[in-house]
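K.L.:
What follows is the file model.txt, containing compact mmCIF, C-alpha atoms:
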```txt
# COMPACT_ATOMS: atom_id res chain seq x y z
CA MET A 59 -24.43 25.54 -81.16
CA GLN A 60 -24.85 21.94 -80.54
CA VAL A 61 -21.12 21.32 -80.86
CA SER A 62 -20.33 23.79 -78.10
CA SER A 63 -22.92 22.25 -75.77
CA SER A 64 -21.55 18.74 -76.38
CA ARG A 65 -18.03 19.96 -75.59
CA HIS A 66 -19.23 21.38 -72.29
CA HIS A 67 -20.92 18.09 -71.43
CA LEU A 68 -17.80 16.13 -72.34
CA ALA A 69 -15.58 18.49 -70.34
CA ALA A 70 -17.87 18.24 -67.29
CA LEU A 71 -17.97 14.44 -67.60
CA ALA A 72 -14.15 14.32 -67.83
CA LEU A 73 -13.78 16.51 -64.73
CA LEU A 74 -16.29 14.38 -62.80
CA THR A 75 -14.44 11.20 -63.79
CA LEU A 76 -11.08 12.66 -62.71
CA ALA A 77 -12.51 13.86 -59.38
CA THR A 78 -14.00 10.44 -58.68
CA GLN A 79 -10.72 8.69 -59.54
CA ALA A 80 -8.75 11.17 -57.38
CA ALA A 81 -11.01 10.62 -54.34
CA VAL A 82 -10.79 6.83 -54.58
CA ALA A 83 -7.02 6.82 -55.15
CA ALA A 84 -6.31 9.16 -52.20
CA SER A 85 -7.65 7.03 -49.33
CA ALA A 86 -6.14 3.99 -47.63
CA ASN A 87 -6.70 2.25 -44.31
CA GLY A 88 -4.33 0.79 -41.74
CA SER A 89 -4.17 0.05 -38.02
CA PHE A 90 -1.77 -0.02 -35.10
CA GLN A 91 -1.72 -1.52 -31.60
CA VAL A 92 -1.89 0.38 -28.32
CA GLN A 93 -0.56 -1.40 -25.24
CA ALA A 94 0.33 -0.85 -21.57
CA THR A 95 1.30 -3.25 -18.80
CA VAL A 96 0.29 -2.28 -15.25
CA VAL A 97 2.17 -4.14 -12.52
CA SER A 98 1.19 -4.83 -8.94
CA ALA A 99 2.93 -2.53 -6.48
CA CYS A 100 2.67 -1.72 -2.77
CA THR A 101 4.22 0.66 -0.25
CA VAL A 102 3.93 0.62 3.53
CA SER A 103 5.00 3.02 6.28
CA GLY A 104 4.45 3.25 10.01
CA SER A 105 4.14 5.95 12.63
CA LEU A 106 5.46 6.04 16.21
CA LEU A 107 3.69 3.88 18.77
CA ASN A 108 4.19 5.83 22.02
CA PHE A 109 3.21 4.37 25.39
CA GLY A 110 3.89 7.71 27.12
CA GLY A 111 6.53 10.28 27.82
CA SER A 112 6.49 10.34 31.62
CA ILE A 113 5.37 6.98 32.99
CA ASP A 114 5.69 6.73 36.78
CA PRO A 115 5.94 3.00 37.58
CA LEU A 116 4.94 3.64 41.22
CA VAL A 117 1.53 5.09 40.39
CA SER A 118 0.76 4.05 36.78
CA SER A 119 -1.76 1.30 36.45
CA VAL A 120 -0.91 -1.46 34.03
CA PRO A 121 -1.43 -2.59 31.43
CA ILE A 122 -0.73 0.60 29.46
CA ASP A 123 -2.33 0.51 26.02
CA ALA A 124 -1.46 2.60 22.98
CA SER A 125 -2.10 2.43 19.25
CA SER A 126 -0.48 3.55 16.04
CA THR A 127 -1.20 3.41 12.32
CA LEU A 128 0.41 1.76 9.34
CA THR A 129 -0.34 3.24 5.92
CA VAL A 130 -0.57 0.74 3.08
CA ARG A 131 -0.99 1.68 -0.56
CA CYS A 132 -1.31 -1.04 -3.18
CA THR A 133 -2.50 -0.99 -6.77
CA ASN A 134 -6.22 -1.60 -7.19
CA THR A 135 -7.27 -5.27 -6.65
CA THR A 136 -3.76 -6.33 -5.51
CA PRO A 137 -3.99 -8.78 -2.59
CA TYR A 138 -1.43 -8.12 0.15
CA SER A 139 -0.27 -9.37 3.54
CA VAL A 140 1.40 -7.17 6.18
CA ALA A 141 3.71 -8.89 8.66
CA LEU A 142 5.64 -7.47 11.62
CA ASP A 143 8.80 -8.99 13.03
CA ALA A 144 9.42 -9.33 16.77
CA GLY A 145 11.66 -6.24 16.93
CA LEU A 146 15.36 -5.70 17.53
CA HIS A 147 15.41 -6.75 21.20
CA ALA A 148 13.32 -9.93 21.21
CA GLY A 149 16.18 -12.34 20.60
CA GLY A 150 15.04 -13.18 17.05
CA GLY A 151 12.67 -12.01 14.33
CA ALA A 152 10.02 -14.60 15.27
CA VAL A 153 10.28 -14.55 19.09
CA PHE A 154 6.98 -12.71 19.50
CA GLY A 155 6.51 -13.54 23.18
CA SER A 156 9.70 -11.61 24.01
CA ARG A 157 9.12 -8.27 22.29
CA SER A 158 10.88 -5.64 24.36
CA MET A 159 12.08 -2.07 24.29
CA SER A 160 15.57 -1.37 25.58
CA ASN A 161 17.42 1.37 27.37
CA GLY A 162 20.98 0.07 27.17
CA ALA A 163 20.99 -3.19 29.12
CA GLN A 164 17.55 -2.48 30.65
CA THR A 165 14.40 -3.76 28.92
CA ILE A 166 10.61 -3.45 29.21
CA GLY A 167 8.39 -6.04 27.55
CA TYR A 168 5.53 -5.03 25.25
CA GLN A 169 3.28 -6.63 22.66
CA LEU A 170 1.60 -5.66 19.36
CA TYR A 171 -1.87 -6.89 18.43
CA LEU A 172 -4.25 -7.00 15.47
CA ASP A 173 -7.35 -6.17 17.50
CA SER A 174 -8.44 -3.61 20.09
CA GLY A 175 -9.15 -6.44 22.57
CA ARG A 176 -5.46 -7.36 22.28
CA ALA A 177 -6.14 -11.05 21.75
CA THR A 178 -4.25 -11.80 18.48
CA VAL A 179 -0.52 -11.05 18.31
CA TRP A 180 0.50 -9.26 15.10
CA GLY A 181 3.47 -11.03 13.62
CA ASN A 182 4.47 -12.96 10.53
CA GLY A 183 2.35 -16.10 10.87
CA THR A 184 4.82 -18.07 12.99
CA ALA A 185 4.95 -18.79 16.73
CA GLY A 186 1.24 -18.10 17.27
CA SER A 187 1.26 -14.72 15.51
CA SER A 188 -0.79 -13.53 12.54
CA PRO A 189 -0.19 -11.15 9.64
CA VAL A 190 -2.93 -8.86 8.25
CA ALA A 191 -4.36 -9.53 4.79
CA GLY A 192 -6.11 -7.04 2.54
CA THR A 193 -6.75 -5.97 -1.02
CA GLY A 194 -5.39 -2.76 -2.52
CA THR A 195 -7.66 0.04 -3.68
CA GLY A 196 -5.06 2.28 -5.31
CA SER A 197 -5.44 4.70 -2.38
CA ASN A 198 -3.94 4.81 1.11
CA GLN A 199 -5.42 2.32 3.57
CA SER A 200 -4.87 2.62 7.32
CA LEU A 201 -4.17 -0.38 9.54
CA THR A 202 -4.22 0.10 13.32
CA ILE A 203 -1.55 -1.49 15.50
CA TYR A 204 -2.70 -2.03 19.09
CA GLY A 205 0.16 -2.05 21.59
CA ARG A 206 0.28 -3.11 25.22
CA LEU A 207 2.87 -2.54 27.92
CA PRO A 208 1.77 -5.27 30.38
CA SER A 209 4.04 -4.55 33.33
CA LEU A 210 6.38 -1.94 34.80
CA THR A 211 7.74 -4.21 37.54
CA GLY A 212 11.44 -3.53 38.02
CA ALA A 213 11.45 -0.75 35.40
CA VAL A 214 14.54 1.43 35.57
CA PRO A 215 14.10 5.11 34.64
CA GLY A 216 15.19 5.99 31.10
CA ASN A 217 14.12 6.21 27.48
CA TYR A 218 13.16 2.86 25.99
CA SER A 219 12.74 2.04 22.32
CA ASP A 220 12.57 -0.75 19.79
CA THR A 221 12.41 -0.98 16.00
CA VAL A 222 9.93 -3.33 14.34
CA THR A 223 10.34 -4.24 10.67
CA ILE A 224 7.21 -4.19 8.49
CA THR A 225 7.07 -6.57 5.53
CA ILE A 226 4.35 -6.31 2.89
CA SER A 227 3.96 -9.25 0.53
CA TYR A 228 1.89 -8.95 -2.63
```
With the file now loaded, output its structure as structure tokens.

P.N.:
Amino acid sequence: MQVSSSRHHLAALALLTLATQAAVAASANGSFQVQATVVSACTVSGSLLNFGGSIDPLVSSVPIDASSTLTVRCTNTTPYSVALDAGLHAGGGAVFGSRSMSNGAQTIGYQLYLDSGRATVWGNGTAGSSPVAGTGTGSNQSLTIYGRLPSLTGAVPGNYSDTVTITISY
């Protein structure tokens, strides 16, 4: 009887040794890298700045003020600067004192400002104008453009318009 019991002990010891060797031999470690590069990005768009649809120059008091909104969206923490040119009818992209809307050969002068008091001309940083600086949040940010139509003297009836180019630097 002792022989049979010793065989069982030897068999159990052999199985335990094999199981231990199998567990140790079956594991290994390694690693790999995970990477992403996020770049700075911005978009900007504007909405119509409308001084009015039926301005009567004989009875309208001037100046006529209006405002509009630019929507800026930049990646979080991205610094940006928003500049406006002088428009198509000013005689040059940096001639901010001559911004005007046209109706064929007829023109009406106007101006765009950074502030509701209409003291600082919104431009590109030249000729006495200033751009707007900010920092992106990853969400849409609204910037208000304050417009002023200072005079209607000599205005000829018609539909007047201008196109102003927005440049966002980041």

K.L.:
In the coordinate frame of the file, compute which residues have an atom within 6 Å of (-1.9, 1.3, 9.7) when using only C-alpha atoms, and state them as a list of chain:residue names.

P.N.:
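Within the cut-off we find A:Thr127, A:Leu128, A:Thr129, A:Ser200, A:Leu201, A:Thr202.
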
K.L.:
I'd like the contact shell of region 101-113 of chain A - 8 Å cut-off, only C-alpha atoms, skipping same-chain residues fewer than 3 positions apart - returned as an NGL selection string.

P.N.:
:A and (118 or 122-132 or 205 or 207 or 224 or 226)

K.L.:
Pick out the closest residue to Gly145 (chain A) from this set: A:Leu170, A:Asn161, A:Ala94, A:Gln199. Count all atoms listed in the file.

P.N.:
A:Leu170

K.L.:
Between A:Ala177, A:Val92, A:Thr133, A:Leu210, which has the minimum distance to Pro115 (chain A) (counting all atoms listed in the file)?

P.N.:
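For Pro115 (chain A), the nearest of the candidates is A:Leu210.
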
K.L.:
Using CA of Gly212 (chain A) and CA of Asp114 (chain A) as the two end points, give the distance in Å to one decimal.

P.N.:
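Interatomic distance here is 11.8 Å.
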
K.L.:
I need the residue nearest Gly192 (chain A) from this list: A:Pro121, A:Ser156, A:Tyr228, A:Gly88. Use all atoms listed in the file for the distance.

P.N.:
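Going through A:Pro121, A:Ser156, A:Tyr228, A:Gly88 one by one, the smallest distance to Gly192 (chain A) is for A:Tyr228.
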
K.L.:
Ranking A:Thr211, A:Gly196, A:Ser227, A:Ser219 by minimum distance to Val117 (chain A) and counting only C-alpha atoms, which one comes first?

P.N.:
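Checking each of A:Thr211, A:Gly196, A:Ser227, A:Ser219 against Val117 (chain A), counting only C-alpha atoms, the winner is A:Thr211.
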
K.L.:
Rank nothing, just name the residue among A:Gly183, A:Thr165, A:Ser119, A:Asn134 nearest to Leu146 (chain A), using all atoms listed in the file.

P.N.:
A:Thr165
